[in-house]
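File shown: query_31.txt (compact mmCIF, C-alpha atoms).
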# COMPACT_ATOMS: atom_id res chain seq x y z
CA MET A 1 80.36 116.22 110.65
CA SER A 2 78.20 118.77 108.88
CA LYS A 3 81.33 120.68 107.79
CA VAL A 4 82.69 117.82 105.66
CA THR A 5 79.39 116.96 103.94
CA PRO A 6 79.32 113.18 104.08
CA PRO A 7 76.72 111.62 101.77
CA ARG A 8 74.72 110.56 104.80
CA ALA A 9 75.64 110.16 108.44
CA VAL A 10 74.41 108.91 111.78
CA PHE A 11 75.43 110.85 114.87
CA VAL A 12 76.56 108.63 117.73
CA ASP A 13 76.78 110.74 120.88
CA HIS A 14 79.50 108.63 122.48
CA PRO A 15 83.03 109.67 123.41
CA VAL A 16 85.16 109.81 120.28
CA GLY A 17 87.05 106.54 119.94
CA ARG A 18 84.21 104.53 121.52
CA THR A 19 81.72 104.71 118.67
CA PHE A 20 80.31 101.24 119.26
CA GLY A 21 80.45 101.24 123.06
CA PRO A 22 82.83 100.41 125.89
CA PRO A 23 85.60 97.84 125.34
CA HIS A 24 84.54 94.19 125.12
CA ASP A 25 80.81 94.91 125.13
CA ARG A 26 79.78 92.94 122.03
CA ALA A 27 76.05 93.28 122.73
CA ARG A 28 76.36 97.05 122.67
CA ASN A 29 78.58 96.95 119.58
CA GLU A 30 75.82 95.11 117.80
CA ALA A 31 73.04 97.32 119.13
CA VAL A 32 74.75 100.49 117.89
CA LEU A 33 75.55 98.97 114.51
CA THR A 34 72.03 97.62 114.07
CA ARG A 35 70.44 100.95 114.88
CA THR A 36 72.87 102.80 112.65
CA LEU A 37 72.20 100.58 109.65
CA ALA A 38 68.45 100.83 110.26
CA GLU A 39 68.69 104.59 109.73
CA LEU A 40 69.82 104.11 106.14
CA ALA A 41 66.31 103.51 104.90
CA ASN A 42 65.26 106.90 106.31
CA MET A 43 67.99 108.92 104.61
CA THR A 44 67.01 110.14 101.18
CA GLN A 45 68.64 113.57 100.99
CA PRO A 46 72.35 114.30 100.41
CA GLY A 47 74.15 115.41 103.53
CA GLU A 48 71.44 114.25 105.91
CA ILE A 49 72.59 113.56 109.48
CA ARG A 50 70.33 111.42 111.66
CA ASP A 51 70.44 111.44 115.45
CA PRO A 52 68.90 108.24 116.81
CA GLY A 53 69.45 109.43 120.40
CA PHE A 54 72.36 107.25 121.41
CA GLN A 55 73.65 108.08 124.89
CA TRP A 56 76.81 106.83 126.55
CA SER A 57 75.55 106.57 130.13
CA ALA A 58 72.29 104.83 130.91
CA ASP A 59 71.28 107.73 133.15
CA GLY A 60 72.14 110.33 130.53
CA SER A 61 75.08 111.71 132.54
CA ARG A 62 77.69 113.60 130.55
CA SER A 63 80.46 113.29 133.12
CA TRP A 64 82.52 111.46 130.48
CA GLU A 65 83.16 114.72 128.65
CA GLU A 66 85.82 116.05 131.03
CA GLU A 67 87.75 112.77 130.97
CA LEU A 68 87.64 112.79 127.22
CA ARG A 69 88.96 116.35 126.97
CA ALA A 70 91.90 115.38 129.15
CA GLU A 71 92.63 112.35 126.97
CA MET A 72 92.46 114.32 123.77
CA LEU A 73 94.74 117.05 125.06
CA HIS A 74 97.49 114.47 125.32
CA ASP A 75 97.51 114.27 121.52
CA ARG A 76 100.45 116.55 120.80
CA MET B 1 74.66 119.21 123.95
CA PRO B 2 77.39 117.25 122.11
CA VAL B 3 81.07 117.83 122.85
CA GLU B 4 82.61 120.52 120.64
CA TYR B 5 85.58 118.61 119.27
CA LEU B 6 86.94 121.25 116.92
CA PRO B 7 88.36 123.59 119.61
CA ILE B 8 90.06 120.60 121.26
CA MET B 9 91.51 119.49 117.94
CA ALA B 10 92.76 123.03 117.30
CA SER B 11 94.46 123.01 120.69
CA ASN B 12 96.00 119.62 119.91
CA SER B 13 97.44 120.90 116.65
CA ALA B 14 99.52 123.64 118.26
CA PRO B 15 102.06 124.83 117.31
CA LYS B 16 100.93 123.67 113.87
CA PRO B 17 97.92 125.51 112.48
CA PRO B 18 94.56 123.86 113.19
CA ARG B 19 93.42 121.24 110.73
CA VAL B 20 91.13 122.71 108.12
CA LEU B 21 88.00 120.71 107.45
CA THR B 22 87.25 120.57 103.77
CA ALA B 23 84.23 119.38 101.87
CA PRO B 24 84.81 117.21 98.79
CA ALA B 25 85.11 119.01 95.46
CA LYS B 26 82.53 116.70 93.91
CA PRO B 27 79.20 115.73 95.47
CA SER B 28 79.59 112.31 97.09
CA TRP B 29 75.91 111.40 97.15
CA HIS B 30 74.87 108.05 95.72
CA PRO B 31 71.41 106.61 96.29
CA ILE B 32 71.13 103.29 98.10
CA ALA B 33 70.29 100.57 95.60
CA LYS B 34 69.33 97.69 97.90
CA PRO B 35 68.02 97.23 101.41
CA VAL B 36 70.61 96.38 104.04
CA ASP B 37 69.47 92.77 104.29
CA ARG B 38 70.35 92.30 100.61
CA SER B 39 73.52 94.39 100.62
CA ARG B 40 77.17 93.47 100.86
CA VAL B 41 78.69 95.71 103.48
CA ALA B 42 82.27 96.87 104.18
CA ILE B 43 83.63 98.91 107.06
CA LEU B 44 86.00 101.82 106.43
CA THR B 45 88.06 103.05 109.35
CA SER B 46 90.37 106.05 109.69
CA ALA B 47 92.06 104.51 112.75
CA ALA B 48 95.16 103.39 110.82
CA LEU B 49 94.18 99.92 111.96
CA ARG B 50 95.64 96.70 110.55
CA LEU B 51 96.13 93.04 111.21
CA ALA B 52 99.20 92.46 113.34
CA HIS B 53 101.14 90.85 110.50
CA GLN B 54 100.47 93.71 108.06
CA GLN B 55 102.90 96.55 107.46
CA PRO B 56 102.52 99.32 110.08
CA PHE B 57 101.23 102.76 109.14
CA ILE B 58 103.71 105.58 109.53
CA PRO B 59 102.24 108.61 111.35
CA ARG B 60 101.30 111.19 110.47
CA GLU B 61 101.01 111.64 106.71
CA ASP B 62 100.77 108.05 105.49
CA LEU B 63 98.51 107.90 102.42
CA SER B 64 98.50 104.12 102.19
CA PHE B 65 95.64 101.83 103.15
CA ARG B 66 95.23 98.25 104.33
CA LEU B 67 92.70 95.64 103.31
CA VAL B 68 91.65 93.88 106.50
CA SER B 69 89.92 90.53 106.32
CA SER B 70 86.30 90.74 107.44
CA ASP B 71 86.62 87.37 109.15
CA PRO B 72 86.66 88.06 112.91
CA SER B 73 88.99 85.08 113.37
CA ALA B 74 91.56 86.47 110.90
CA GLY B 75 93.84 87.70 113.65
CA ALA B 76 94.52 90.42 116.17
CA LEU B 77 93.99 94.06 115.22
CA VAL B 78 96.52 96.82 115.85
CA ILE B 79 95.81 100.58 115.81
CA ASP B 80 98.74 102.70 114.62
CA HIS B 81 97.01 106.09 114.84
CA HIS B 82 98.72 108.34 117.40
CA SER B 83 95.61 110.16 118.55
CA GLY B 84 95.27 110.83 122.25
CA ILE B 85 91.97 108.95 122.21
CA GLY B 86 93.78 105.74 121.40
CA SER B 87 94.36 104.22 124.83
CA VAL B 88 90.81 102.86 125.09
CA PRO B 89 90.21 101.64 121.52
CA LYS B 90 93.64 100.00 121.53
CA GLN B 91 92.32 97.76 124.33
CA ASP B 92 89.51 96.64 122.02
CA PRO B 93 89.64 97.86 118.41
CA GLU B 94 86.15 96.45 117.80
CA ILE B 95 84.68 99.56 119.41
CA VAL B 96 85.82 101.57 116.39
CA PHE B 97 85.91 98.70 113.90
CA PRO B 98 82.93 96.42 114.60
CA ARG B 99 83.93 93.51 112.41
CA THR B 100 82.54 90.89 114.81
CA ALA B 101 79.24 92.74 115.21
CA LEU B 102 78.87 93.05 111.45
CA ALA B 103 79.64 89.36 110.92
CA ASN B 104 77.02 88.50 113.55
CA LEU B 105 74.43 90.66 111.79
CA VAL B 106 75.15 88.80 108.55
CA GLY B 107 74.65 85.54 110.43
CA ARG B 108 71.23 86.73 111.59
CA GLY B 109 70.18 87.97 108.17
CA THR B 110 70.01 91.63 109.24
CA VAL B 111 72.81 92.36 106.77
CA GLY B 112 72.96 90.61 103.39
CA ALA B 113 76.65 89.73 103.14
CA LEU B 114 80.12 90.64 104.32
CA SER B 115 82.60 92.21 102.00
CA PRO B 116 85.64 89.89 102.00
CA VAL B 117 87.71 92.84 103.17
CA HIS B 118 87.28 96.03 105.14
CA VAL B 119 89.50 99.07 104.49
CA SER B 120 91.69 101.03 106.88
CA PHE B 121 93.60 104.25 106.41
CA MET B 122 95.13 107.06 108.47
CA GLY B 123 92.75 109.77 109.66
CA GLY B 124 93.74 113.35 110.41
CA LEU B 125 95.93 113.77 107.33
CA ARG B 126 96.53 117.26 106.01
CA LYS B 127 97.11 116.24 102.38
CA HIS B 128 93.54 116.90 101.33
CA ARG B 129 94.20 116.99 97.59
CA GLU B 130 96.02 113.65 97.65
CA ILE B 131 93.26 112.10 99.75
CA GLU B 132 90.70 113.11 97.16
CA THR B 133 92.70 112.33 94.04
CA GLU B 134 94.75 109.29 95.14
CA LEU B 135 93.63 107.60 98.35
CA ALA B 136 89.85 107.80 97.94
CA PRO B 137 89.80 106.57 94.31
CA ALA B 138 92.12 103.68 95.19
CA ILE B 139 89.83 102.65 98.05
CA ALA B 140 86.78 103.02 95.80
CA ASP B 141 88.41 100.66 93.30
CA GLU B 142 88.94 98.06 96.01
CA LEU B 143 85.32 98.34 97.15
CA ALA B 144 84.13 97.94 93.56
CA LYS B 145 86.32 94.85 93.13
CA ALA B 146 84.77 93.41 96.28
CA GLN B 147 81.30 94.20 94.89
CA VAL B 148 80.39 96.21 97.95
CA ASP B 149 76.94 97.80 98.07
CA LEU B 150 77.34 99.79 101.29
CA ALA B 151 80.51 101.18 102.88
CA LEU B 152 80.21 102.27 106.51
CA LEU B 153 82.90 104.81 107.43
CA VAL B 154 83.67 104.94 111.12
CA PRO B 155 85.68 108.13 111.76
CA TYR B 156 88.42 107.88 114.39

Show me the file's structure as structure tokens.
Amino acid sequence: MSKVTPPRAVFVDHPVGRTFGPPHDRARNEAVLTRTLAELANMTQPGEIRDPGFQWSADGSRSWEEELRAEMLHDR
Amino acid sequence: MPVEYLPIMASNSAPKPPRVLTAPAKPSWHPIAKPVDRSRVAILTSAALRLAHQQPFIPREDLSFRLVSSDPSAGALVIDHHSGIGSVPKQDPEIVFPRTALANLVGRGTVGALSPVHVSFMGGLRKHREIETELAPAIADELAKAQVDLALLVPY
């Protein structure tokens, strides 16, 4: 994200393609969107990237990363 | 430690050369004029997403865009992007295009108003000059017509 210099950005540490949560989880969609929009008021400098601390798994596990790599490597 | 996506993307690109990330030629900063609860908000997605009745995107270098109604009841969403990450978001495009969540936030007063339309285009294009000189200005015109205060880009 930092390489393409967006005006302002919020980092969502979820698997790519699941920015707002797992499928059909509307409560989580809303929670991520609400928190993201709330960061706007804090961003006053061009290129600023905020990290609100989103995590995909409730226990902080990053086991999703290997599955994601496998999925992405199908993109040929 | 976040996933390092760039090496995976480079591997995906083979035998083509890796995609080159480019920064815009002009600074894109614009200060926020209004608080969110007084702003009209649009979603921008690079998922090549559309309503089912709209013309499909043509992978991979399609420079067109679609205006997608912000009304969650406007119809089913289709993702045309060929990325390998697509199998999950195609089950529920709202996880990359939260039009229902945004409409709900407007209903609660957290967000001021919905843009009548959101905007969708194809991510991962290599025609950087055309994106900057043709696609982006055309989308900016549509957002201005819709009197949008804030545009939230959700990269795909």

Kindly provide, as a VMD selection string, the residues of chain B having any atom no farther than 6 Å from an atom of chain A, counting all atoms listed in the file.
chain B and resid 12 22 to 23 28 to 29 83 to 85 92 95 to 96 101 156

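Between Ser69 (chain B) and the residues B:Pro137, B:Ile43, B:Ser87, B:Gly123, the shortest atom-to-atom distance, using only C-alpha atoms, involves B:Ile43.
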
Which is closer to His82 (chain B) than all the others in B:Ala48, B:Leu153, B:Leu102, B:Val117, using all atoms listed in the file?
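Smallest distance to His82 (chain B) is found for B:Ala48.
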
Just the number, please: distance in Å from CA of Pro98 (chain B) to CA of His128 (chain B), one decimal.
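Separation between CA of Pro98 (chain B) and CA of His128 (chain B): 26.6 Å.
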
Shell around Gly112 (chain B) at 8 Å using all atoms listed in the file, local window under 5 positions removed, as a list in words
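Answer for this query is Val36, Asp37, Arg38, Ser39, Arg40, Val41 and Val106 of chain B.
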
In Å, how far is it from CA of Val148 (chain B) to CA of Phe121 (chain B)?
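Straight-line distance from CA of Val148 (chain B) to CA of Phe121 (chain B) works out to 17.6 Å.
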
In Å to one decimal, how far is CA of Arg50 (chain B) from CA of Phe65 (chain B)?
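So the answer is 9.0 Å.
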
Please provide the set of residues having any atom within 8 Å of Ala52 (chain B), restricted to all atoms listed in the file, with same-chain residues fewer than 3 positions apart removed, written as a PyMOL selection string.
chain B and resi 75-78

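Between Ala74 (chain B) and the residues B:Ile131, B:Leu51, B:Leu152, B:Ile32, the shortest atom-to-atom distance, using all atoms listed in the file, involves B:Leu51.
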
Mind rebuilding region 14-42 of chain A with N, CA and C atoms and writing that out as a tab-separated table (two decimals), in the coordinates of the input?
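Final output, out35.tsv:
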chain	number	residue	atom	x	y	z
A	14	HIS	N	78.60	109.34	121.56
A	14	HIS	CA	79.50	108.63	122.48
A	14	HIS	C	80.83	109.36	122.48
A	15	PRO	N	81.68	109.10	123.46
A	15	PRO	CA	83.03	109.67	123.41
A	15	PRO	C	83.72	109.25	122.11
A	16	VAL	N	84.44	110.17	121.49
A	16	VAL	CA	85.16	109.81	120.28
A	16	VAL	C	86.13	108.67	120.60
A	17	GLY	N	86.23	107.71	119.68
A	17	GLY	CA	87.05	106.54	119.94
A	17	GLY	C	86.32	105.41	120.65
A	18	ARG	N	85.03	105.60	120.92
A	18	ARG	CA	84.21	104.53	121.52
A	18	ARG	C	82.88	104.48	120.77
A	19	THR	N	82.94	104.58	119.47
A	19	THR	CA	81.72	104.71	118.67
A	19	THR	C	80.72	103.60	118.95
A	20	PHE	N	81.22	102.38	119.11
A	20	PHE	CA	80.31	101.24	119.26
A	20	PHE	C	80.21	100.75	120.71
A	21	GLY	N	80.65	101.58	121.66
A	21	GLY	CA	80.45	101.24	123.06
A	21	GLY	C	81.74	101.03	123.80
A	22	PRO	N	81.63	100.65	125.07
A	22	PRO	CA	82.83	100.41	125.89
A	22	PRO	C	83.57	99.16	125.41
A	23	PRO	N	84.85	99.03	125.75
A	23	PRO	CA	85.60	97.84	125.34
A	23	PRO	C	84.93	96.54	125.77
A	24	HIS	N	84.96	95.58	124.86
A	24	HIS	CA	84.54	94.19	125.12
A	24	HIS	C	83.04	94.06	125.41
A	25	ASP	N	82.27	95.00	124.95
A	25	ASP	CA	80.81	94.91	125.13
A	25	ASP	C	80.19	94.60	123.76
A	26	ARG	N	80.21	93.33	123.37
A	26	ARG	CA	79.78	92.94	122.03
A	26	ARG	C	78.28	93.18	121.83
A	27	ALA	N	77.49	93.03	122.87
A	27	ALA	CA	76.05	93.28	122.73
A	27	ALA	C	75.81	94.74	122.35
A	28	ARG	N	76.56	95.63	122.99
A	28	ARG	CA	76.36	97.05	122.67
A	28	ARG	C	76.93	97.38	121.29
A	29	ASN	N	78.05	96.75	120.94
A	29	ASN	CA	78.58	96.95	119.58
A	29	ASN	C	77.49	96.66	118.56
A	30	GLU	N	76.84	95.54	118.75
A	30	GLU	CA	75.82	95.11	117.80
A	30	GLU	C	74.60	96.02	117.83
A	31	ALA	N	74.22	96.45	119.01
A	31	ALA	CA	73.04	97.32	119.13
A	31	ALA	C	73.27	98.64	118.39
A	32	VAL	N	74.45	99.22	118.56
A	32	VAL	CA	74.75	100.49	117.89
A	32	VAL	C	74.80	100.30	116.38
A	33	LEU	N	75.45	99.22	115.96
A	33	LEU	CA	75.55	98.97	114.51
A	33	LEU	C	74.17	98.71	113.90
A	34	THR	N	73.37	97.93	114.58
A	34	THR	CA	72.03	97.62	114.07
A	34	THR	C	71.20	98.89	113.91
A	35	ARG	N	71.23	99.72	114.92
A	35	ARG	CA	70.44	100.95	114.88
A	35	ARG	C	70.95	101.91	113.80
A	36	THR	N	72.27	101.94	113.67
A	36	THR	CA	72.87	102.80	112.65
A	36	THR	C	72.45	102.37	111.25
A	37	LEU	N	72.56	101.08	110.98
A	37	LEU	CA	72.20	100.58	109.65
A	37	LEU	C	70.70	100.74	109.38
A	38	ALA	N	69.90	100.66	110.43
A	38	ALA	CA	68.45	100.83	110.26
A	38	ALA	C	68.10	102.24	109.81
A	39	GLU	N	68.95	103.21	110.13
A	39	GLU	CA	68.69	104.59	109.73
A	39	GLU	C	68.83	104.80	108.23
A	40	LEU	N	69.56	103.91	107.56
A	40	LEU	CA	69.82	104.11	106.14
A	40	LEU	C	68.54	104.28	105.34
A	41	ALA	N	67.55	103.47	105.67
A	41	ALA	CA	66.31	103.51	104.90
A	41	ALA	C	65.60	104.86	105.02
A	42	ASN	N	65.92	105.61	106.08
A	42	ASN	CA	65.26	106.90	106.31
A	42	ASN	C	65.98	108.07	105.66
